[in-house]
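See structure below.
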2 protein chains.
Amino acid sequence: MSPDNGRVDADPSMRWNGWGDPAKAKELPLPVRALLPMLLGRVRRPEPAATLAEVQLAPSRLSDEDHAALSAAVGRANVDDTAEARIRHAGGRSTPDLLRRRASRQDAPDAVVSPADHDEVRACLDVAVARGIAVIPFGGGTSVVGALDPQRGAHHAVVSLDLRRLSGVVRLDVISGEAVLAAGTTGPEAEALLSAHGLELGHYPQSFRYATIGGFAAARSSGQNSAGNGRFDAMVTGIRVATPTGDIDLGRSPGSAAGPDLIRVFLGSEGIFGVITEVRVRVHPIPRERVFESWSFPDFASGAEGLRRVAQQGNGPTVIRLSDEAETAVSLAQVGKIGKALSKGASVVTVYEGDGIDERRARASVQLAAAGGISAGEGAAEDWLKGRFDGPYLRDSLLDAGVFCETLETATTWSNLQRLRSAVEGALKGGFADAGAKSYVMCHVSHIYPTGASLYFTVLAGIRSDPLGVWEPVKSRVNDAIIASGGTISHHHAVGRDHAPWLREEIGETGIRILAAIKRELDPAGVLNPGAVIPIERSR
Amino acid sequence: MSPDNGRVDADPSMRWNGWGDPAKAKELPLPVRALLPMLLGRVRRPEPAATLAEVQLAPSRLSDEDHAALSAAVGRANVDDTAEARIRHAGGRSTPDLLRRRASRQDAPDAVVSPADHDEVRACLDVAVARGIAVIPFGGGTSVVGALDPQRGAHHAVVSLDLRRLSGVVRLDVISGEAVLAAGTTGPEAEALLSAHGLELGHYPQSFRYATIGGFAAARSSGQNSAGNGRFDAMVTGIRVATPTGDIDLGRSPGSAAGPDLIRVFLGSEGIFGVITEVRVRVHPIPRERVFESWSFPDFASGAEGLRRVAQQGNGPTVIRLSDEAETAVSLAQVGKIGKALSKGASVVTVYEGDGIDERRARASVQLAAAGGISAGEGAAEDWLKGRFDGPYLRDSLLDAGVFCETLETATTWSNLQRLRSAVEGALKGGFADAGAKSYVMCHVSHIYPTGASLYFTVLAGIRSDPLGVWEPVKSRVNDAIIASGGTISHHHAVGRDHAPWLREEIGETGIRILAAIKRELDPAGVLNPGAVIPIERSR
């Protein structure tokens, strides 16, 4: 039943300077092309991007001795310092990453090292510490927060530690509904392996087709089954990590009071404390039924009230998402219904999976209707499900057309949702306006909790030149607005290097000191992902 | 609807050398008194316990300067070094604690210090660090793992930091369903304050009537709404802590990927990193309906299978508990039905609260019946609810009668449940047998998860003399068995000092190093709760 169960992408290798499978690149729909100049003014097509062959890298800084030591750890064939391998591991998939991938001179790690298992990861860390080489753990390469930047820190070289050879189901406990998955297993691989047993993990972030189990854990990912099996961290019951100073294997029981839950120290640690090699997760039978229903609300505020009622009542839909008026209009435009768009208010998509659907749907419908929603059939919800992993392809087409497009997200309590949304929207629009660029800001709620919800923003802007230079201060202003308005600096994209300067304001000086103390204990040489998560200094 | 909403105990002061309100002390039921000699052989009434006036303490080690500095922090009236205050804060409520309370010479903290608010807690910590005084945070005093032992560590004196003056609702956000509660608020106080707004926290551990919000957080408590709002840590959305080296205020949103979730560093930290002064928790409307149903199973194994099905299906009862054959028999004996007991197998209690009860009950019943259960009416479930906070009173009566009685608990995956149960039962029975004591071991499952469940043991033993000396090696053997059989050293009682020697085996050397690194960073002087949680050395 799950859309990607049993279906592994034939070519999992990601477009080197864009999103996903090059064969799936998407043209901008005609109505969107018509709409863009109205929203953003006339934009220029950018200079053609450099081809892979045109990109120039500095020579690898690995010495022959470094190369030999790493080869001894993982085998010579698994230390790759070709330009292509290095470029393919040069960063993640944020819009700034993709803009940097267009240049002819690029930064890249000095080699890509691919261990086969936990013990080889351990051996790589030993070499890194002994020889002063920084290590960037790399799963699916889908970070959008700079967590994969090839920073050397205080070290003479940096390697990308590609974990995709750590793949598969290590152990399966059908009685308990638990699977131990190797960290480099991708979303589709995990679902294919589990589906052979009638089981599902059910974690579907937008990066699902490429991202790995270890990456979900390291970044505290959230999936699109946002009211069902939403947060990955809530599914994790155990974890195995290789740190530079020792291994750790956590999770003896589903509930425990044996001191603080140290699994949570590694969830969200983005490779700064250790390399996650195995994750134990809760799995469940593949749901047999799925029902779609879309709803239309007069506006975002009434839609949010509907979602709040559903979240606080509990036991509702598996997926529930609310698009604001601007996003609703563009979604309608994409399918050629722009005429209807302006009168359409805010749309909600619901999907129900599993048992008791009729009863759950009836309960949720009462709440949605009470908040002013009107049921709008199955169509829009089905369309959303079909296209849910394709958004990033559209961004590539926009960038090709010279339209700046980026996403960012936060979360807060229900009572603070409108204030935070206004603050972020204001920072985005104001920031671009100050740079003389027209912008269009869309927002949706994709994850709900009893006490609050996430806010996910997509911004389009008509930037005439230097999009990176224009974006950086806008992003800074947005982050300041999030912190000032009580939001979290990230609901599910994580911290990486891009958000690190704001983490101090989120968790305070004492919080930073806790992270730094753990870092010093586990990675005293500082070889792991230098500059990620823990802010070194605030540079703004 | 909740039994204790709006009902604060008139006299919250705990019996100094036993459990709870002295006025509520319980006689042993006649059938139990008849049964005990059969199960445990003839036991002797112990020597009469020392009265409060008879207890001798060493003089307080606080100097006049210490006393003055603490008085400057909290006011002279809130530094109490009378014998009664010191004895009332001399430890928790484990059976060894209660046996120690019977002696005429006892250890006790050198004074009891009662700050009024976060700032006064901070001032106390400053004095403690400056003057070398150990601090034992004290809430309801209900620890059963030695977390309140008055250990000085390397310091010249030790004070009990009684937090009960930090009481009440600090902030209430009705829209988001969140309340910030001061750490010293007791369970009944919190429910009374929330019920004025139609809201409930719904956390009902056996210690509910005395334990505090800060204590629930510090110990990772689990409540009896074991399939509903079970784990306290799952309700916590924010926390404020005073550490010896700085404050921390965490929890900006219901979901976040802003690095590791540092709230989890303090949940389960049992006062070794800082003093929790406020906790933000999820609250919900007081449920309007409640339905009871008991079930009878042929044996523990089939009952456990029923609970597993219910847990993995989800959306079932609010409370579900399974007693094994031995516990079922004694429960029946207590109400005078011993004749029926031997044929009764294993009993299950279910309670449903909130919405959709009929549907949830129907779903759960299908699973319980499929596992071999037979519905057995409301009676036993209602009886359980009425008596659910009274178990500890019975223990006092048993101890008075010379019968040793203690409880302990663990948890594991469903597939490992029987193995762990046998191992613990074997260690208890074997341990007592080796000491020449007859014992009777009962077990129940009180908390279920999709992937596993808790196991809670009650043991009665007929120990002729030196019960503490007999119990210590038995408890050690049980803890070894738990670790060897894949259980957690505690599901909800926490670590304290009693379980600390086994924590290293639970979380490994790297795990201990993480805890020690955080401890060094936040409490470099080591004034907070010396010897708790982090094992200093394994003494067995």
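Following the order of the structure tokens, chains are lettered A, B, ..., residues in each are numbered from 1, and ligands are numbered from 1.
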Please identify all residues of chain B having at least one atom at most 7 Å from any atom of chain A, considering only C-alpha atoms, and return them as an MDAnalysis selection string. chainID B and resid 175:178 219:220 246:248 250 252:261 264:269 282 411:415 449 451:452 486:495 503 507:508 510:511 514 517:518 521 533
Residues of segment 310-473 of chain B classed as alpha helix (DSSP H) by DSSP on the backbone are to be reported as an NGL selection string. :B and (310-313 or 325-334 or 338-341 or 357-370 or 379-387 or 391-400 or 417-434 or 467-473)
Measuring atom to atom with only C-alpha atoms, identify which of A:Thr82, A:Ser13, A:Ser422, A:Gln151 is nearest to Ile133 of chain A. A:Gln151
What does the distance between atom CA of Ser114 of chain A and atom CA of Asp162 of chain A come to in Å, to one decimal place? 4.9 Å
For a quick check of understanding, using only C-alpha atoms, which of A:Ala190, A:Ala49, A:Leu201, A:Leu322 has the smallest distance to Ser446 of chain A? A:Leu322
If DSSP is run on the backbone, what residues of segment 83-279 of chain A are strand (DSSP E)? A reply as number ranges by chain would be ideal. A: 111-113, 133-138, 157-162, 169-173, 178-182, 199-200, 236-243, 246-250, 275-279
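For the pair atom CA of Pro96 of chain A and atom CA of Asp396 of chain A, the separation is 12.0 Å.
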May I have the residues within 7 Å of Ala182 of chain B as a PyMOL selection string, using only C-alpha atoms and disregarding those fewer than 4 positions away in the same chain? chain B and resi 166-170+277-279
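Between atom CA of Ser476 of chain B and atom CA of Glu505 of chain B there is a distance of 13.3 Å.
Each of A:Lys475, A:Asp97, A:Ser485, A:Pro115 was checked against Val79 of chain A using only C-alpha atoms; the smallest atom-to-atom distance is that of A:Pro115.
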For Ala362 of chain B: contacts at 12 Å, only C-alpha atoms, fewer than 6 positions along chain excluded, given as a list in words: Gly356 of chain A; Glu293, Val310, Asn315, Gly316, Pro317, Tyr352, Gly356, Leu368, Ala369 and Ser375 of chain B
Store the residues picked out above in a file with all heavy atoms, as a PDB file, in the first residue's frame.
```
ATOM      1  N   GLY A 356      -9.621   1.332  11.504  1.00  0.00           N
ATOM      2  CA  GLY A 356     -10.600   2.235  12.112  1.00  0.00           C
ATOM      3  C   GLY A 356     -10.735   3.540  11.354  1.00  0.00           C
ATOM      4  O   GLY A 356     -11.019   4.588  11.955  1.00  0.00           O
TER       5      GLY A 356
ATOM      6  N   GLU B 293     -13.147  -2.717  32.826  1.00  0.00           N
ATOM      7  CA  GLU B 293     -13.397  -4.115  32.463  1.00  0.00           C
ATOM      8  C   GLU B 293     -12.212  -4.970  32.906  1.00  0.00           C
ATOM      9  O   GLU B 293     -11.055  -4.626  32.653  1.00  0.00           O
ATOM     10  CB  GLU B 293     -13.608  -4.257  30.945  1.00  0.00           C
ATOM     11  CG  GLU B 293     -14.008  -5.687  30.560  1.00  0.00           C
ATOM     12  CD  GLU B 293     -14.479  -5.789  29.107  1.00  0.00           C
ATOM     13  OE1 GLU B 293     -14.338  -4.810  28.342  1.00  0.00           O
ATOM     14  OE2 GLU B 293     -14.987  -6.868  28.749  1.00  0.00           O
ATOM     15  N   VAL B 310      -2.863  -5.656  21.927  1.00  0.00           N
ATOM     16  CA  VAL B 310      -3.511  -4.368  22.197  1.00  0.00           C
ATOM     17  C   VAL B 310      -2.530  -3.216  21.973  1.00  0.00           C
ATOM     18  O   VAL B 310      -2.864  -2.200  21.356  1.00  0.00           O
ATOM     19  CB  VAL B 310      -4.072  -4.346  23.641  1.00  0.00           C
ATOM     20  CG1 VAL B 310      -4.449  -2.943  24.075  1.00  0.00           C
ATOM     21  CG2 VAL B 310      -5.271  -5.290  23.740  1.00  0.00           C
ATOM     22  N   ASN B 315      -4.492   2.720  20.138  1.00  0.00           N
ATOM     23  CA  ASN B 315      -5.796   3.318  20.417  1.00  0.00           C
ATOM     24  C   ASN B 315      -6.714   2.387  21.201  1.00  0.00           C
ATOM     25  O   ASN B 315      -7.865   2.188  20.839  1.00  0.00           O
ATOM     26  CB  ASN B 315      -6.470   3.734  19.103  1.00  0.00           C
ATOM     27  CG  ASN B 315      -7.655   4.640  19.355  1.00  0.00           C
ATOM     28  OD1 ASN B 315      -7.637   5.424  20.297  1.00  0.00           O
ATOM     29  ND2 ASN B 315      -8.677   4.512  18.545  1.00  0.00           N
ATOM     30  N   GLY B 316      -6.184   1.830  22.286  1.00  0.00           N
ATOM     31  CA  GLY B 316      -6.950   0.933  23.132  1.00  0.00           C
ATOM     32  C   GLY B 316      -7.272   1.573  24.474  1.00  0.00           C
ATOM     33  O   GLY B 316      -7.631   2.742  24.547  1.00  0.00           O
ATOM     34  N   PRO B 317      -7.150   0.798  25.546  1.00  0.00           N
ATOM     35  CA  PRO B 317      -7.496   1.310  26.865  1.00  0.00           C
ATOM     36  C   PRO B 317      -6.515   2.368  27.376  1.00  0.00           C
ATOM     37  O   PRO B 317      -5.393   2.474  26.883  1.00  0.00           O
ATOM     38  CB  PRO B 317      -7.436   0.062  27.759  1.00  0.00           C
ATOM     39  CG  PRO B 317      -6.659  -0.956  27.014  1.00  0.00           C
ATOM     40  CD  PRO B 317      -6.750  -0.617  25.558  1.00  0.00           C
ATOM     41  N   TYR B 352     -10.862   2.503  30.518  1.00  0.00           N
ATOM     42  CA  TYR B 352     -10.945   3.365  29.338  1.00  0.00           C
ATOM     43  C   TYR B 352     -11.404   4.743  29.788  1.00  0.00           C
ATOM     44  O   TYR B 352     -12.401   4.861  30.493  1.00  0.00           O
ATOM     45  CB  TYR B 352     -11.959   2.806  28.333  1.00  0.00           C
ATOM     46  CG  TYR B 352     -11.592   1.440  27.812  1.00  0.00           C
ATOM     47  CD1 TYR B 352     -11.901   0.297  28.535  1.00  0.00           C
ATOM     48  CD2 TYR B 352     -10.913   1.302  26.604  1.00  0.00           C
ATOM     49  CE1 TYR B 352     -11.553  -0.960  28.068  1.00  0.00           C
ATOM     50  CE2 TYR B 352     -10.560   0.043  26.127  1.00  0.00           C
ATOM     51  CZ  TYR B 352     -10.881  -1.083  26.864  1.00  0.00           C
ATOM     52  OH  TYR B 352     -10.530  -2.333  26.405  1.00  0.00           O
ATOM     53  N   GLY B 356     -14.530   8.087  22.450  1.00  0.00           N
ATOM     54  CA  GLY B 356     -14.537   6.907  21.580  1.00  0.00           C
ATOM     55  C   GLY B 356     -14.358   5.611  22.349  1.00  0.00           C
ATOM     56  O   GLY B 356     -13.794   4.644  21.836  1.00  0.00           O
ATOM     57  N   LEU B 368      -7.892  -9.148  22.979  1.00  0.00           N
ATOM     58  CA  LEU B 368      -7.759  -9.865  24.258  1.00  0.00           C
ATOM     59  C   LEU B 368      -8.421 -11.241  24.160  1.00  0.00           C
ATOM     60  O   LEU B 368      -7.868 -12.237  24.631  1.00  0.00           O
ATOM     61  CB  LEU B 368      -8.368  -9.028  25.394  1.00  0.00           C
ATOM     62  CG  LEU B 368      -7.601  -7.731  25.705  1.00  0.00           C
ATOM     63  CD1 LEU B 368      -8.400  -6.848  26.674  1.00  0.00           C
ATOM     64  CD2 LEU B 368      -6.221  -8.024  26.286  1.00  0.00           C
ATOM     65  N   ALA B 369      -9.582 -11.282  23.498  1.00  0.00           N
ATOM     66  CA  ALA B 369     -10.275 -12.566  23.338  1.00  0.00           C
ATOM     67  C   ALA B 369      -9.467 -13.509  22.442  1.00  0.00           C
ATOM     68  O   ALA B 369      -9.363 -14.713  22.707  1.00  0.00           O
ATOM     69  CB  ALA B 369     -11.672 -12.350  22.780  1.00  0.00           C
ATOM     70  N   SER B 375     -13.804 -11.990  29.346  1.00  0.00           N
ATOM     71  CA  SER B 375     -14.224 -10.808  30.081  1.00  0.00           C
ATOM     72  C   SER B 375     -14.787 -11.204  31.434  1.00  0.00           C
ATOM     73  O   SER B 375     -15.524 -12.180  31.546  1.00  0.00           O
ATOM     74  CB  SER B 375     -15.264 -10.035  29.263  1.00  0.00           C
ATOM     75  OG  SER B 375     -15.714  -8.929  30.016  1.00  0.00           O
TER      76      SER B 375
END
```
Tell me, as a list of chain:residue names, which residues lie within 10 Å of Asp81 of chain B, counting only C-alpha atoms; anything in the same chain fewer than 5 positions away does not count. B:Pro59, B:Ser60, B:Arg61, B:Leu62, B:His67, B:Arg86, B:Ile87, B:Pro109, B:Asp110, B:Ala111, B:Val112, B:Val113, B:Val159
List the spatial neighbours of segment 202-207 of chain A as a PyMOL selection string - criterion: any atom at most 7 Å away, only C-alpha atoms, same-chain residues fewer than 3 positions off excluded. chain A and resi 142+210-211+222-225+229-230+232+388-389
